[in-house]
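**Student:** Following this message is one structure expressed as structure tokens.
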Amino acid sequence: AEGFFSILEADGETEQTGTYRPEHVKGDIKISNVDFTYGNGNKALHDLNMDIRSGSITAFVGLSGAGKTTIVNLLDKFYHPDCGTITLDGVPLEEYDTQYLRDNIGLVLQKNHIFDGTIRENIAYGKPTATEEEIYDAARKAYIYDQIAALPHGFDSKATALSGGQQQRIAIARMFLKNPPIIFLDEPTASLDAIATEQIKASIDAIKQGRTVVIISHSISQIIDSDVIYALREGRVEQSGTPDDLYVKGGIYKDIVDASARSLNIEKLSRTLDPNGDGKLFD
């Protein structure tokens with residue numbers, strides 16, 4: 001409560017901001033020798049070094065508390081590093097106009113905020129000036145248009161009445177509407193059932209095309225097609241490379257993949273899907 005009132009009573013800007021506003025953002029991100037400590041004294045990142053290439057898919061994996069979400073918070077300028085540098089397209093992040101930076105970043109979280117309004121209004125949050133046709137097109141790309149259209153009041157239905165999976169697709173529709181060059185996905189399918197997860201993965205796969213994507217997920221299906229994986233442990237990069245390379249090397253990524261396979265009972269599942277042993281798992 002004290003923090004909330006200090007913001008309300010602030011005389012000036014409550015966030016640091018620069019003035020740099022380039023015509024285009026490519027999405028090349030470089031993190032060099034970054035440390036970060038939370039206000040409670042918990043040091044979350046230690047000498048972090050990463051190269052996130054424009055147009056690529058980069059995944060962060062690791063156990064809870066490894067520092068994955070903290071990195072995304074730094075890239076959004078929600079926090080600032082203790083030391084080291086973060087650059088976007090070769091320019092230090094602190095030099096960017098903060099609002100401009102966030103206008104060029106899309107964020108889909110494990111649970112996204114749905115406002116007390118219509119579905120139309122909630123999708124338009126991604127671009128308040130959007131036309132009706134742009135909103136409909138975003139809903140189609142997020143694979144939720146037909147479900148909305150089938151509701152008694154269509155796009156004028158209350159968004160808060162949607163299921164968890166449908167609300168996730170609303171967040172993805174916002175992303176299509178915003179059309180940012182950089183996307184951060186933080187556990188976008190966690191706590192959803194298998195069918196909803198598959199549908200949302202299709203939406204996410206569509207929006208990844210031609211953008212710089214950073215994904216955090218414990219779901220191997222979400223990260224196995226990444227170009228580069230950074231495996232983190234206790235705020236440090238333990239391994240980096242392609243999914244295949246990291247699995248062959250062994251280590252935390254292989255441990256996570258193997259644990260996922262065991263939890264899904266992959267061997268029995270494969271026999272169920274392929275009872276004749278002909279290698280044809282799906283019709």
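FYI, nothing fancy with the structure tokens labels: chains A, B, ... in order, residues from 1 per chain, ligands from 1 as they appear.
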Hey, what does DSSP flag as strand (DSSP E) within region 6-77 of chain A? Can you give it to me as a count of residues only?

**Tutor:** 24

**Student:** Give me the residues near His80 (chain A) as a list in words, where near means some atom within 12 Å (using only C-alpha atoms) and where sequence neighbours in that chain fewer than 6 positions away do not count.

**Tutor:**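 What passes the distance filter is Glu15, Gln16, Thr17, Val34, Asp35, Phe36, Thr37, Tyr38, Gly39, Leu45, Thr70, Ile71, Val72, Asn73, Leu74, Ile86, Pro92, Leu93 and Glu94 of chain A.
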
**Student:** I need the chosen residues saved as a short mmCIF file (atom, residue, chain, number, x, y, z; two decimals), in the first residue's frame, with N, CA, C and O atoms.

**Tutor:**
```
data_model
loop_
_atom_site.label_atom_id
_atom_site.label_comp_id
_atom_site.auth_asym_id
_atom_site.auth_seq_id
_atom_site.Cartn_x
_atom_site.Cartn_y
_atom_site.Cartn_z
N GLU A 15 9.18 6.17 -13.65
CA GLU A 15 10.07 5.24 -14.31
C GLU A 15 11.17 6.00 -15.02
O GLU A 15 10.95 7.10 -15.54
N GLN A 16 12.34 5.38 -15.09
CA GLN A 16 13.41 5.95 -15.89
C GLN A 16 13.09 5.77 -17.36
O GLN A 16 12.58 4.73 -17.77
N THR A 17 13.38 6.78 -18.16
CA THR A 17 13.15 6.67 -19.59
C THR A 17 14.20 7.44 -20.35
O THR A 17 14.73 8.44 -19.85
N VAL A 34 25.74 -9.08 -17.01
CA VAL A 34 24.66 -8.49 -16.21
C VAL A 34 24.48 -9.21 -14.88
O VAL A 34 24.37 -10.44 -14.84
N ASP A 35 24.44 -8.43 -13.81
CA ASP A 35 24.03 -8.90 -12.49
C ASP A 35 22.73 -8.18 -12.13
O ASP A 35 22.50 -7.04 -12.55
N PHE A 36 21.90 -8.85 -11.34
CA PHE A 36 20.69 -8.18 -10.86
C PHE A 36 20.32 -8.71 -9.48
O PHE A 36 20.34 -9.92 -9.23
N THR A 37 19.98 -7.77 -8.57
CA THR A 37 19.58 -8.10 -7.21
C THR A 37 18.24 -7.44 -6.91
O THR A 37 18.06 -6.24 -7.16
N TYR A 38 17.30 -8.22 -6.38
CA TYR A 38 16.00 -7.67 -5.99
C TYR A 38 16.15 -6.82 -4.73
O TYR A 38 17.16 -6.92 -4.01
N GLY A 39 15.14 -6.01 -4.46
CA GLY A 39 15.17 -5.11 -3.32
C GLY A 39 15.32 -5.80 -1.98
O GLY A 39 15.80 -5.20 -1.01
N LEU A 45 20.52 -12.80 -10.75
CA LEU A 45 21.32 -13.04 -11.94
C LEU A 45 22.78 -12.76 -11.66
O LEU A 45 23.12 -11.80 -10.96
N THR A 70 13.00 -13.08 -14.57
CA THR A 70 13.76 -11.88 -14.23
C THR A 70 14.40 -11.28 -15.47
O THR A 70 14.42 -10.05 -15.65
N ILE A 71 14.92 -12.13 -16.36
CA ILE A 71 15.54 -11.63 -17.59
C ILE A 71 14.51 -10.89 -18.45
O ILE A 71 14.78 -9.79 -18.96
N VAL A 72 13.32 -11.46 -18.58
CA VAL A 72 12.26 -10.80 -19.35
C VAL A 72 11.89 -9.46 -18.72
O VAL A 72 11.68 -8.46 -19.42
N ASN A 73 11.84 -9.41 -17.39
CA ASN A 73 11.54 -8.15 -16.72
C ASN A 73 12.60 -7.09 -17.00
O ASN A 73 12.28 -5.90 -17.14
N LEU A 74 13.86 -7.49 -17.09
CA LEU A 74 14.92 -6.55 -17.43
C LEU A 74 14.79 -6.08 -18.87
O LEU A 74 15.00 -4.89 -19.17
N ILE A 86 22.71 -4.06 -21.45
CA ILE A 86 21.73 -4.72 -22.32
C ILE A 86 21.51 -3.78 -23.50
O ILE A 86 21.17 -2.60 -23.31
N PRO A 92 22.09 0.91 -26.06
CA PRO A 92 21.76 0.54 -24.68
C PRO A 92 20.28 0.73 -24.38
O PRO A 92 19.68 1.74 -24.78
N LEU A 93 19.72 -0.22 -23.66
CA LEU A 93 18.28 -0.22 -23.40
C LEU A 93 17.84 1.04 -22.65
O LEU A 93 16.74 1.56 -22.90
N GLU A 94 18.70 1.54 -21.75
CA GLU A 94 18.29 2.72 -20.97
C GLU A 94 18.13 3.97 -21.82
O GLU A 94 17.50 4.94 -21.40
#
```

**Student:** Rank nothing, just name the residue among A:Lys141, A:Lys268, A:Arg21, A:Lys68 nearest to Tyr100 (chain A), using only C-alpha atoms.

**Tutor:** A:Arg21

**Student:** List the neighbours of Ile200 (chain A) out to 9 Å using only C-alpha atoms; skip same-chain residues closer than 5 positions along the sequence, and give me the result as a VMD selection string.

**Tutor:** chain A and resid 142 to 143 165 to 166 168 to 169 172 188 to 189 195 205

**Student:** Export C-alpha atoms of the chosen residues as a JSON list (two decimals), in the first residue's frame?

**Tutor:**
```
[["chain", "number", "residue", "atom", "x", "y", "z"],
["A", 142, "ALA", "CA", -5.74, -16.54, -32.68],
["A", 143, "TYR", "CA", -8.18, -19.34, -33.57],
["A", 165, "GLY", "CA", -7.91, -21.23, -22.67],
["A", 166, "GLN", "CA", -10.16, -18.72, -24.40],
["A", 168, "GLN", "CA", -5.23, -16.95, -23.38],
["A", 169, "ARG", "CA", -6.33, -16.71, -27.01],
["A", 172, "ILE", "CA", -2.73, -13.77, -28.34],
["A", 188, "PRO", "CA", 1.77, -19.24, -22.11],
["A", 189, "THR", "CA", 0.14, -22.70, -21.87],
["A", 195, "ILE", "CA", -6.60, -29.74, -26.11],
["A", 205, "ASP", "CA", 3.36, -20.89, -33.83]]
```

**Student:** Could you write out, as an MDAnalysis selection string, all the residues of region 118-257 of chain A that DSSP marks as alpha helix (DSSP H)?

**Tutor:** chainID A and resid 119:124 132:141 145:149 164:178 194:208 220:223 243:249 252:257

**Student:** Mind checking which residues fall within 10 Å of Gln99 (chain A), counting only C-alpha atoms, ignoring those fewer than 5 positions away in the same chain, and posting them as a PyMOL selection string?

**Tutor:** chain A and resi 17-19+21+76-77+104

**Student:** Measuring between only C-alpha atoms, which one of A:Ile114, A:Leu63, A:Ile57, A:Leu48 shows the shortest distance to Gln222 (chain A)?

**Tutor:** A:Ile57

**Student:** In Å, how far is it from CA of Gly27 (chain A) to CA of Gln110 (chain A)?

**Tutor:**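 So the answer is 22.9 Å.
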
**Student:** If you count only C-alpha atoms, which residues fall within 12 Å of Asn122 (chain A), apart from same-chain ones fewer than 2 positions away, as JSON, numbers by chain?

**Tutor:** {"A": [112, 113, 114, 115, 116, 117, 118, 119, 120, 124, 125, 126, 127, 128, 130, 135, 138, 139, 155, 156, 157, 158, 159, 160, 162, 167, 168, 169, 170, 171, 172, 173, 174, 175, 177]}

**Student:** Just give me the gap between CA of Asn179 (chain A) and CA of Lys26 (chain A) in Å, one decimal is fine.

**Tutor:**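 So the answer is 13.1 Å.
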